Structure formats: structure tokens, C-alpha cells
>>> print(open('work_34.txt').read())   # compact mmCIF, C-alpha atoms and all ligand atoms
# COMPACT_ATOMS: atom_id res chain seq x y z
CA MET A 1 -2.43 -22.54 7.59
CA ASP A 2 -4.43 -25.03 9.68
CA LEU A 3 -6.21 -23.60 12.66
CA PRO A 4 -5.09 -24.97 16.01
CA PRO A 5 -7.68 -27.07 17.92
CA HIS A 6 -8.24 -24.41 20.61
CA PHE A 7 -9.23 -21.88 17.94
CA HIS A 8 -12.64 -20.31 18.37
CA ALA A 9 -14.40 -17.68 16.34
CA ALA A 10 -13.29 -14.08 16.70
CA SER A 11 -15.27 -12.14 19.25
CA LYS A 12 -18.07 -9.90 18.04
CA THR A 13 -16.66 -6.96 20.00
CA MET A 14 -14.04 -5.44 17.75
CA ARG A 15 -12.34 -2.09 18.22
CA PHE A 16 -10.55 -0.48 15.29
CA ILE A 17 -6.89 0.17 16.19
CA ALA A 18 -4.90 0.96 13.07
CA ARG A 19 -4.87 1.09 9.33
CA GLY A 20 -1.80 0.12 7.28
CA ALA A 21 -1.18 0.05 3.54
CA SER A 22 -2.40 -3.54 3.22
CA ALA A 23 -4.84 -4.06 6.08
CA GLU A 24 -6.93 -2.79 8.98
CA LEU A 25 -6.29 -3.96 12.53
CA PHE A 26 -9.04 -4.58 15.10
CA ALA A 27 -8.59 -5.39 18.79
CA LEU A 28 -10.78 -8.21 20.09
CA ASP A 29 -11.80 -8.38 23.74
CA ASP A 30 -9.74 -11.51 24.42
CA GLY A 31 -6.15 -10.31 23.97
CA ARG A 32 -6.00 -10.93 20.23
CA VAL A 33 -6.08 -8.64 17.20
CA LEU A 34 -7.59 -9.39 13.82
CA LYS A 35 -5.68 -8.13 10.78
CA LEU A 36 -8.18 -7.85 7.91
CA PHE A 37 -6.53 -7.49 4.50
CA ARG A 38 -7.56 -5.34 1.56
CA GLU A 39 -8.83 -7.10 -1.56
CA SER A 40 -5.73 -6.10 -3.50
CA VAL A 41 -3.51 -8.28 -1.26
CA SER A 42 -2.90 -11.75 -2.74
CA ASP A 43 -3.68 -15.01 -0.91
CA GLU A 44 -0.02 -15.92 -1.35
CA MET A 45 1.09 -12.79 0.51
CA ILE A 46 -1.31 -13.47 3.40
CA ALA A 47 -0.12 -17.09 3.66
CA ARG A 48 3.52 -15.93 3.57
CA GLU A 49 2.95 -13.34 6.31
CA ALA A 50 1.40 -15.94 8.63
CA ALA A 51 4.01 -18.62 7.90
CA ALA A 52 6.99 -16.25 8.21
CA SER A 53 5.76 -14.79 11.51
CA LEU A 54 5.41 -18.30 12.94
CA HIS A 55 8.80 -19.37 11.62
CA ALA A 56 10.55 -16.24 12.95
CA SER A 57 8.97 -16.57 16.37
CA SER A 58 9.72 -20.31 16.62
CA CYS A 59 13.39 -19.54 15.82
CA GLY A 60 13.63 -17.03 18.67
CA VAL A 61 13.19 -13.80 16.70
CA PRO A 62 11.00 -11.42 18.75
CA ALA A 63 7.92 -11.48 16.52
CA ALA A 64 4.15 -11.57 16.95
CA ALA A 65 3.36 -15.10 15.72
CA ALA A 66 0.10 -15.67 13.81
CA ILE A 67 -2.49 -17.54 15.88
CA GLY A 68 -4.60 -18.57 12.89
CA ARG A 69 -6.46 -17.45 9.81
CA HIS A 70 -9.87 -15.90 10.40
CA ASP A 71 -12.05 -14.44 7.67
CA LEU A 72 -14.87 -12.02 8.48
CA ASP A 73 -17.71 -10.86 6.21
CA GLY A 74 -15.81 -12.10 3.16
CA ARG A 75 -12.58 -10.35 4.20
CA ARG A 76 -9.47 -12.45 4.71
CA GLY A 77 -7.75 -12.08 8.06
CA ILE A 78 -5.05 -13.31 10.42
CA LEU A 79 -5.36 -13.40 14.21
CA TYR A 80 -2.34 -12.25 16.23
CA PRO A 81 -1.68 -11.74 19.93
CA HIS A 82 -2.42 -8.12 20.89
CA LEU A 83 0.92 -6.40 21.48
CA ASP A 84 0.82 -3.84 24.23
CA GLY A 85 2.63 -0.67 23.13
CA ALA A 86 3.37 1.70 20.28
CA THR A 87 5.22 1.35 17.00
CA MET A 88 8.85 2.46 17.14
CA MET A 89 7.87 5.42 14.98
CA ASP A 90 5.37 6.70 17.57
CA TRP A 91 7.68 5.80 20.45
CA ILE A 92 10.55 7.86 18.98
CA ARG A 93 8.21 10.83 18.51
CA CYS A 94 7.53 10.72 22.26
CA ASN A 95 11.14 9.87 23.23
CA PRO A 96 13.30 11.69 20.65
CA LEU A 97 16.38 11.74 22.87
CA ARG A 98 16.36 7.95 23.10
CA ALA A 99 16.18 7.45 19.31
CA GLY A 100 19.87 6.45 19.01
CA TRP A 101 19.46 3.75 21.64
CA ALA A 102 16.29 2.42 19.97
CA LEU A 103 17.91 2.34 16.51
CA ASP A 104 20.87 0.40 17.91
CA GLN A 105 18.46 -2.17 19.41
CA MET A 106 16.56 -2.39 16.13
CA ALA A 107 19.81 -3.08 14.25
CA ALA A 108 20.78 -5.79 16.76
CA ILE A 109 17.41 -7.51 16.20
CA HIS A 110 17.95 -7.27 12.46
CA SER A 111 21.34 -8.98 12.61
CA ALA A 112 19.97 -11.67 15.00
CA MET A 113 17.15 -12.31 12.50
CA HIS A 114 19.76 -12.80 9.79
CA ALA A 115 21.43 -15.55 11.81
CA VAL A 116 18.25 -17.63 11.33
CA SER A 117 17.67 -19.85 8.29
CA ALA A 118 14.58 -18.87 6.27
CA GLY A 119 13.13 -22.38 6.07
CA SER A 120 10.85 -22.74 3.06
CA LEU A 121 10.38 -19.04 2.23
CA ARG A 122 10.71 -17.81 -1.40
CA SER A 123 14.09 -16.74 -2.77
CA LEU A 124 14.90 -13.04 -2.39
CA LYS A 125 17.24 -13.16 -5.39
CA GLN A 126 14.33 -14.32 -7.56
CA VAL A 127 12.06 -11.60 -6.19
CA LEU A 128 14.69 -8.94 -6.95
CA ALA A 129 15.28 -10.25 -10.49
CA THR A 130 11.52 -10.19 -11.22
CA ASP A 131 11.06 -6.70 -9.78
CA ILE A 132 14.01 -5.38 -11.81
CA ALA A 133 12.74 -7.02 -15.01
CA TYR A 134 9.19 -5.64 -14.56
CA GLY A 135 10.37 -2.24 -13.32
CA PRO A 136 10.72 0.99 -15.31
CA ALA A 137 14.53 1.05 -15.82
CA PRO A 138 15.90 0.99 -19.38
CA ILE A 139 16.61 -2.52 -20.66
CA VAL A 140 20.39 -2.00 -20.74
CA VAL A 141 20.38 -1.10 -17.03
CA GLN A 142 18.07 -4.02 -16.22
CA GLN A 143 20.24 -6.55 -18.03
CA ALA A 144 23.48 -5.37 -16.43
CA ALA A 145 21.85 -5.30 -12.98
CA ILE A 146 20.39 -8.80 -13.35
CA ALA A 147 23.80 -10.16 -14.46
CA HIS A 148 25.35 -8.43 -11.41
CA LEU A 149 22.63 -9.91 -9.16
CA GLU A 150 23.19 -13.41 -10.53
CA ALA A 151 26.89 -13.17 -9.71
CA LEU A 152 26.19 -12.19 -6.09
CA PRO A 153 26.34 -14.99 -3.51
CA ASP A 154 23.04 -16.64 -2.59
CA GLU A 155 22.13 -17.12 1.06
CA ASP A 156 19.15 -18.64 2.83
CA ARG A 157 18.90 -16.22 5.76
CA LEU A 158 15.56 -14.98 7.13
CA THR A 159 15.00 -11.52 5.61
CA HIS A 160 12.01 -9.36 6.57
CA GLY A 161 11.83 -7.14 3.49
CA ASP A 162 9.93 -4.30 5.18
CA PHE A 163 11.96 -3.62 8.30
CA HIS A 164 10.99 -0.03 9.14
CA LEU A 165 9.96 1.98 12.19
CA GLY A 166 6.26 1.18 11.68
CA ASN A 167 6.90 -2.57 11.73
CA VAL A 168 8.67 -2.75 15.07
CA MET A 169 6.57 -2.40 18.21
CA MET A 170 7.86 -1.32 21.62
CA THR A 171 6.25 -3.60 24.19
CA PRO A 172 6.93 -4.26 27.88
CA GLN A 173 8.65 -7.49 26.71
CA GLY A 174 10.94 -5.53 24.36
CA MET A 175 10.84 -4.84 20.63
CA MET A 176 8.60 -7.12 18.57
CA VAL A 177 8.67 -7.36 14.78
CA ILE A 178 5.37 -7.41 12.88
CA ASP A 179 4.20 -7.47 9.24
CA TRP A 180 6.16 -10.36 7.68
CA SER A 181 4.41 -10.33 4.29
CA LYS A 182 7.60 -9.49 2.34
CA ALA A 183 9.80 -12.08 4.08
CA ALA A 184 12.15 -14.17 1.96
CA ALA A 185 15.28 -16.32 2.01
CA GLY A 186 18.22 -14.20 1.04
CA HIS A 187 21.47 -12.43 1.76
CA PRO A 188 21.53 -10.31 4.96
CA ALA A 189 23.17 -7.39 3.13
CA ALA A 190 20.17 -7.14 0.77
CA ASP A 191 17.79 -6.79 3.73
CA ALA A 192 20.10 -4.30 5.47
CA VAL A 193 20.24 -1.97 2.44
CA ARG A 194 16.49 -2.32 2.00
CA CYS A 195 16.09 -1.15 5.60
CA GLU A 196 18.41 1.81 4.86
CA MET A 197 16.20 2.76 1.88
CA LEU A 198 12.97 2.47 3.86
CA MET A 199 14.46 4.71 6.52
CA ARG A 200 15.65 7.36 4.07
CA PHE A 201 13.09 7.21 1.26
CA GLY A 202 10.12 5.18 2.56
CA ILE A 203 6.54 6.27 3.23
CA GLY A 204 6.14 9.00 5.86
CA PRO A 205 6.84 12.68 6.33
CA SER A 206 9.52 14.04 3.98
CA ASP A 207 9.95 17.72 4.92
CA TRP A 208 13.60 18.81 5.06
CA VAL A 209 13.96 18.52 8.83
CA THR A 210 12.53 14.99 8.84
CA ASN A 211 14.76 14.09 5.89
CA LEU A 212 17.84 15.19 7.84
CA TRP A 213 16.67 13.01 10.71
CA ARG A 214 15.95 10.10 8.35
CA ASP A 215 19.43 10.27 6.82
CA TRP A 216 21.02 10.41 10.27
CA ALA A 217 18.89 7.46 11.47
CA ALA A 218 19.85 5.38 8.41
CA LEU A 219 23.56 6.01 9.10
CA ARG A 220 23.09 5.09 12.76
CA LEU A 221 21.24 1.89 11.85
CA ASN A 222 23.94 0.88 9.35
CA LYS A 223 26.71 1.51 11.82
CA ALA A 224 24.98 -0.52 14.52
CA TYR A 225 24.10 -3.28 12.05
CA LEU A 226 27.70 -3.59 10.80
CA ALA A 227 28.96 -3.65 14.40
CA SER A 228 26.64 -6.50 15.36
CA SER A 229 26.95 -8.71 12.26
CA ALA A 230 29.66 -10.21 10.07
CA ILE A 231 28.45 -8.25 7.02
CA THR A 232 30.86 -5.65 5.58
CA ARG A 233 30.33 -2.23 3.98
CA ARG A 234 31.55 -3.72 0.71
CA GLU A 235 28.72 -6.30 0.77
CA LEU A 236 26.19 -3.50 1.37
CA ASP A 237 27.67 -1.64 -1.62
CA MET A 238 27.31 -4.71 -3.85
CA TRP A 239 23.63 -5.31 -2.96
CA ARG A 240 22.51 -1.65 -2.84
CA PRO A 241 22.10 -1.09 -6.61
CA VAL A 242 19.99 -4.20 -7.23
CA VAL A 243 17.76 -3.69 -4.19
CA ALA A 244 17.23 -0.02 -5.12
CA LEU A 245 16.49 -0.87 -8.75
CA ALA A 246 13.99 -3.55 -7.70
CA TRP A 247 12.28 -1.03 -5.42
CA LEU A 248 11.62 1.28 -8.38
CA ARG A 249 8.87 -1.11 -9.48
CA ALA A 250 6.59 -0.41 -6.53
CA ARG A 251 8.01 2.64 -4.82
CA ASN A 252 5.86 5.56 -3.68
CA ALA A 253 6.86 8.91 -5.09
CA SER A 254 8.37 10.67 -2.06
CA ARG A 255 11.93 12.11 -2.25
CA THR A 256 12.12 10.95 -5.85
CA SER A 257 15.06 13.08 -6.98
CA SER A 258 17.21 12.19 -3.95
CA PHE A 259 16.29 8.53 -4.38
CA LEU A 260 17.37 8.65 -8.05
CA ARG A 261 20.67 10.27 -7.04
CA TYR A 262 21.14 7.55 -4.42
CA LEU A 263 20.32 4.82 -6.97
CA ASN A 264 22.69 6.19 -9.61
CA LYS A 265 25.49 6.51 -7.08
CA ALA A 266 24.93 2.88 -6.04
CA LEU A 267 24.93 1.74 -9.69
CA ARG A 268 28.12 3.69 -10.45
CA GLN A 269 29.86 2.31 -7.37
CA ALA A 270 29.16 -1.24 -8.56
CA GLY A 271 30.36 -0.42 -12.08
CA LEU A 272 26.85 -0.62 -13.57
CA PRO A 273 25.21 1.71 -16.13
CA THR A 274 23.11 4.50 -14.60
CA LEU A 275 19.60 5.82 -15.26
CA PRO A 276 19.22 8.86 -17.53
N1 LIG A 301 -0.21 -7.66 17.04
C1 LIG A 301 -0.48 -6.36 17.10
N2 LIG A 301 -0.87 -5.79 18.25
C2 LIG A 301 -1.18 -4.49 18.34
N3 LIG A 301 -1.14 -3.63 17.29
C3 LIG A 301 -0.75 -4.13 16.10
C4 LIG A 301 -0.40 -5.51 15.94
N4 LIG A 301 -0.05 -5.71 14.65
C5 LIG A 301 -0.16 -4.51 14.04
N5 LIG A 301 -0.59 -3.55 14.90
C6 LIG A 301 -0.84 -2.13 14.59
O1 LIG A 301 -1.38 -2.05 13.28
C7 LIG A 301 -0.53 -1.28 12.42
C8 LIG A 301 -0.55 -1.89 11.02
O2 LIG A 301 -0.11 -3.23 11.11
P1 LIG A 301 0.73 -3.91 9.94
O3 LIG A 301 2.02 -3.23 9.79
O4 LIG A 301 0.78 -5.38 10.21
O5 LIG A 301 -0.24 -3.60 8.70
P2 LIG A 301 0.07 -3.34 7.18
O6 LIG A 301 -1.16 -2.84 6.52
O7 LIG A 301 0.66 -4.60 6.64
O8 LIG A 301 1.18 -2.21 7.25
P3 LIG A 301 2.02 -1.51 6.09
O9 LIG A 301 1.44 -0.14 6.00
O10 LIG A 301 3.42 -1.52 6.67
O11 LIG A 301 1.87 -2.36 4.86
C9 LIG A 301 0.82 -1.32 13.10
O12 LIG A 301 1.61 -0.21 12.74
C10 LIG A 301 0.44 -1.31 14.57
O13 LIG A 301 0.13 0.00 15.00
MG MG A 302 3.25 -2.37 8.53
>>> encode(input="work_34.txt", output="C-alpha cells")
Amino acid sequence: MDLPPHFHAASKTMRFIARGASAELFALDDGRVLKLFRESVSDEMIAREAAASLHASSCGVPAAAAIGRHDLDGRRGILYPHLDGATMMDWIRCNPLRAGWALDQMAAIHSAMHAVSAGSLRSLKQVLATDIAYGPAPIVVQQAAIAHLEALPDEDRLTHGDFHLGNVMMTPQGMMVIDWSKAAAGHPAADAVRCEMLMRFGIGPSDWVTNLWRDWAALRLNKAYLASSAITRRELDMWRPVVALAWLRARNASRTSSFLRYLNKALRQAGLPTLP
């Protein structure tokens, strides 16, 4: 991404604010933050994150738009405006009784995002096919799932790919979506079931009380999403098995047995062979 003419070097005063799976975030003293990526993150992923955040924001999706690339001490980085507020995850911990309201808002933002065309982003169908093919499922399951995926309708909607409570921030201006590195052009139902999986089986606490809450929150999100979009339950059912199978390639190991039950149920529902 070219740097805009008003760009100037990041300030020397940097305050550490957060650490994610792919990067560390530092607040500068001028209203910006610098996201410095780990070495394991590819250049392509960094470029995609910046481009998708700009595209989303320019299309009216509430997103922190990249200001420019800025590398520091050999580490690759992106500058963003500093969002004032907490992630939705932290906000819900402090406001548990308002969780239902917040999840409904999050679902409405998700369906509004899906009304936007993805521009030049990569194809989600291709990403899913690659992840299934390089994942650990037996070849017979992979082949049936890829044939099923190929028969599903292609769409060019803006999909986030990592739409979870840690990637939505609660600011005085409303909810803002961050972390666009997994964005793609695809079918809204694929992104909606991915969000359901992140809520139920994604990184984070997985004690039984939290799991009950997670399952409830996923149901609430789905309900609100279906109410605010033209997508049907049937479409979610058709995309669920392929998105879940693709996730097996990179998934962290929490709630593994429930996730496998969920995956097999989704495969069965779509008439596909199941995992042993
Ligand atoms: N523009 C911003 N302003 C203020 N804080 C931010 C901003 N962007 C990110 N953060 C903080 O940094 C954290 C990590 O950011 P981000 O999700 O972009 O990193 P990541 O390493 O890609 O995350 P993940 O663990 O989801 O891969 C966020 O949860 C949030 O607390
Ligand atoms: Mg994140």
C-alpha cells in the first residue's frame, strides 16, 4: 500500500497496549496505533488486512481503516487510528446483562457487511477448498466435501473470516470491526457459520459455564443474523460442513470432542461422509 503524502514516521513514544495471535499493538502519542506483526505472518496477509480494512471502511462498514504501512526495527507494521474503548469480549465481561443487546448489534453489522461487494479480495471458496485439501480429514471426506463446496453458489460479498468478540471494539462512535487479515470474497452464509464456530469453539476460556454461555451467544447471534439478512437456515446448513472441515486445518485444540460432534452432525445433515 502506498503511504499517503501526509504520512510521517511513527512517534518514538510507544506504549504497549495489547498482544494478539499475530501481532503486538502499541499506542503512539498522536492518536494512532502501530500493529507490529510476528515473523510468521506472511506479507500477503499483512497487505490483505490493510487493503480489506480500507475497502470495508470506504464502503461504510464501521471499521478502523489502515492509515499506512510502517515498519520498525525490521518488524512489519500497519498504522491505524487509535480506537477509544474495549473489545466486545471485555465489554461484555463488565456488562453481562447487556450481552444480548450487544450480540444483536454485532449480527446487524455482520449482515450489513455482507451487503457490500468484496472488490478485489481473494475467493473464499478457493480458500476453503485449499484448507480442506491440506487438512487432516480422510481423503474420502475431503473429496465429497470439495464436490459439495463446488456445487454451492459463489458470491462476491465482503466476508471478514474472523468475526469474533475480540475483533469488535466498543467505541463512543459505536462498534468498530478490526483485524481484517482473513477477509475474502464469498457467500454470507459461510462467514455467518464461521462466526458461529468462533463463538462456540474459538480461542478463549472453555470451562463448562463459559461453554454454556458461548453456545447461548452463538444461538443469539444466528437468530439476530437471520432476522437482519436474506440468508436462510438452510443456507447455513449447506455451508457449515465445509467451513468446519476447512477450520480443522488450523484450529486450536479447545473443545475438540464437541467440535468433532458438531462437524459430524453438519456433514451428516448435508449428506456427506463423516469423520471416524
Ligand atoms: N485501532 C485500535 N485501537 C485500539 N486498540 C486496538 C486497535 N486495533 C487493535 N487493538 C487492540 O489490540 C488487540 C489485538 O488486535 P488485533 O485483533 O488486530 O491483533 P491480532 O494479533 O491480529 O489478533 P488475533 O489474536 O485475533 O489474531 C485487540 O483485541 C484490541 O484490544
Ligand atoms: Mg484479533
>>> residues_around(input="work_34.txt", residues="region 201-213 of chain A", least_positions_apart="6", cutoff="10 Å", atoms="all atoms listed in the file", output="ChimeraX atom specification")
/A:21,89,162,164,166,194-195,219,251-256,258-259,262
>>> closest_residue(input="work_34.txt", among="A:Ala145, A:Leu158, A:Met169, A:Met45", to="ligand MG 302 (chain A)", atoms="all atoms listed in the file")
A:Met169
>>> closest_atom_pairs(input="work_34.txt", of="chain A", to="ligand MG 302 (chain A)", cutoff="6 Å", atoms="all atoms listed in the file", output="JSON lines")
{"residue": "A:Gly20", "atom": "CA", "partner": "A:MG302", "partner_atom": "MG", "distance": 5.8}
{"residue": "A:Gly166", "atom": "CA", "partner": "A:MG302", "partner_atom": "MG", "distance": 5.6}
{"residue": "A:Asn167", "atom": "CA", "partner": "A:MG302", "partner_atom": "MG", "distance": 4.9}
{"residue": "A:Asp179", "atom": "CA", "partner": "A:MG302", "partner_atom": "MG", "distance": 5.2}
>>> atom_distance(input="work_34.txt", atom1="CA of His70 (chain A)", atom2="CA of Leu165 (chain A)")
26.8 Å
>>> closest_atom_pairs(input="work_34.txt", of="chain A", to="ligand LIG 301 (chain A)", cutoff="7 Å", atoms="all atoms listed in the file", output="Markdown table")
| residue | atom | partner | partner_atom | distance |
| --- | --- | --- | --- | --- |
| A:Ile17 | CA | A:LIG301 | O1 | 6.6 |
| A:Ala18 | CA | A:LIG301 | O1 | 4.6 |
| A:Arg19 | CA | A:LIG301 | C8 | 5.5 |
| A:Gly20 | CA | A:LIG301 | O6 | 3.1 |
| A:Ala21 | CA | A:LIG301 | O9 | 3.6 |
| A:Ser22 | CA | A:LIG301 | O6 | 3.6 |
| A:Ala23 | CA | A:LIG301 | O6 | 3.9 |
| A:Glu24 | CA | A:LIG301 | O6 | 6.3 |
| A:Leu25 | CA | A:LIG301 | O1 | 5.3 |
| A:Val33 | CA | A:LIG301 | N1 | 6.0 |
| A:Ala64 | CA | A:LIG301 | N1 | 5.9 |
| A:Tyr80 | CA | A:LIG301 | N1 | 5.1 |
| A:Pro81 | CA | A:LIG301 | N1 | 5.2 |
| A:His82 | CA | A:LIG301 | N2 | 3.8 |
| A:Leu83 | CA | A:LIG301 | N2 | 3.7 |
| A:Asp84 | CA | A:LIG301 | C2 | 6.3 |
| A:Ala86 | CA | A:LIG301 | O13 | 6.4 |
| A:Thr87 | CA | A:LIG301 | O13 | 5.6 |
| A:Gly166 | CA | A:LIG301 | O12 | 5.0 |
| A:Asn167 | CA | A:LIG301 | O3 | 5.3 |
| A:Ile178 | CA | A:LIG301 | O4 | 5.7 |
| A:Asp179 | CA | A:LIG301 | O4 | 4.1 |
>>> residues_around(input="work_34.txt", residues="Ala50 (chain A)", least_positions_apart="4", cutoff="8 Å", atoms="all atoms listed in the file", output="list in words")
Met1, Ile46, Leu54, Ala65, Ala66, Gly68, Ile78, Trp180 and Ser181 of chain A
>>> residues_around(input="work_34.txt", residues="Arg268 (chain A)", least_positions_apart="4", cutoff="12 Å", atoms="only C-alpha atoms", output="list in words")
Val141, Ala144, Ala145, Asp237, Met238, Arg240, Pro241, Val242, Arg261, Tyr262, Leu263, Asn264, Leu272, Pro273, Thr274 and Leu275 of chain A
>>> residues_around(input="work_34.txt", residues="Arg200 (chain A)", least_positions_apart="3", cutoff="7 Å", atoms="all atoms listed in the file", output="PyMOL selection string")
chain A and resi 196-197+214-215+218
>>> axis_aligned_box(input="work_34.txt", around="region 246-255 of chain A", padding_each_side="6 Å", output="JSON")
{"center_x": 9.9, "center_y": 4.3, "center_z": -5.8, "size_x": 20.1, "size_y": 27.7, "size_z": 19.4}
>>> atom_distance(input="work_34.txt", atom1="CA of Phe163 (chain A)", atom2="CA of Val177 (chain A)")
8.2 Å
>>> closest_residue(input="work_34.txt", among="A:Ser40, A:Thr159, A:Ser58, A:Asn95", to="Leu121 (chain A)", atoms="all atoms listed in the file")
A:Thr159
>>> closest_residue(input="work_34.txt", among="A:Ser228, A:Glu235, A:Arg220, A:Met14", to="Asp191 (chain A)", atoms="only C-alpha atoms")
A:Glu235
>>> atom_distance(input="work_34.txt", atom1="CA of Asn222 (chain A)", atom2="CA of Arg249 (chain A)")
24.2 Å
>>> build_atoms(input="work_34.txt", residues="region 97-112 of chain A", atoms="N, CA and C atoms", output="tab-separated table (two decimals), in the frame of the given file")
chain	number	residue	atom	x	y	z
A	97	LEU	N	14.99	11.81	22.40
A	97	LEU	CA	16.38	11.74	22.87
A	97	LEU	C	16.87	10.31	23.03
A	98	ARG	N	15.94	9.35	22.97
A	98	ARG	CA	16.36	7.95	23.10
A	98	ARG	C	16.36	7.23	21.74
A	99	ALA	N	16.25	8.04	20.66
A	99	ALA	CA	16.18	7.45	19.31
A	99	ALA	C	17.43	6.62	18.99
A	100	GLY	N	18.62	7.16	19.33
A	100	GLY	CA	19.87	6.45	19.01
A	100	GLY	C	19.89	5.08	19.66
A	101	TRP	N	19.51	5.03	20.92
A	101	TRP	CA	19.46	3.75	21.64
A	101	TRP	C	18.50	2.79	20.94
A	102	ALA	N	17.31	3.29	20.58
A	102	ALA	CA	16.29	2.42	19.97
A	102	ALA	C	16.76	1.90	18.61
A	103	LEU	N	17.42	2.77	17.83
A	103	LEU	CA	17.91	2.34	16.51
A	103	LEU	C	18.99	1.27	16.66
A	104	ASP	N	19.83	1.41	17.67
A	104	ASP	CA	20.87	0.40	17.91
A	104	ASP	C	20.23	-0.96	18.24
A	105	GLN	N	19.17	-0.91	19.06
A	105	GLN	CA	18.46	-2.17	19.41
A	105	GLN	C	17.83	-2.79	18.17
A	106	MET	N	17.24	-1.92	17.35
A	106	MET	CA	16.56	-2.39	16.13
A	106	MET	C	17.57	-3.09	15.21
A	107	ALA	N	18.77	-2.49	15.10
A	107	ALA	CA	19.81	-3.08	14.25
A	107	ALA	C	20.26	-4.43	14.82
A	108	ALA	N	20.34	-4.53	16.14
A	108	ALA	CA	20.78	-5.79	16.76
A	108	ALA	C	19.74	-6.89	16.48
A	109	ILE	N	18.45	-6.52	16.52
A	109	ILE	CA	17.41	-7.51	16.20
A	109	ILE	C	17.52	-7.94	14.74
A	110	HIS	N	17.83	-6.96	13.88
A	110	HIS	CA	17.95	-7.27	12.46
A	110	HIS	C	19.09	-8.27	12.23
A	111	SER	N	20.23	-8.05	12.85
A	111	SER	CA	21.34	-8.98	12.61
A	111	SER	C	21.05	-10.33	13.26
A	112	ALA	N	20.33	-10.37	14.39
A	112	ALA	CA	19.97	-11.67	15.00
A	112	ALA	C	19.00	-12.42	14.07
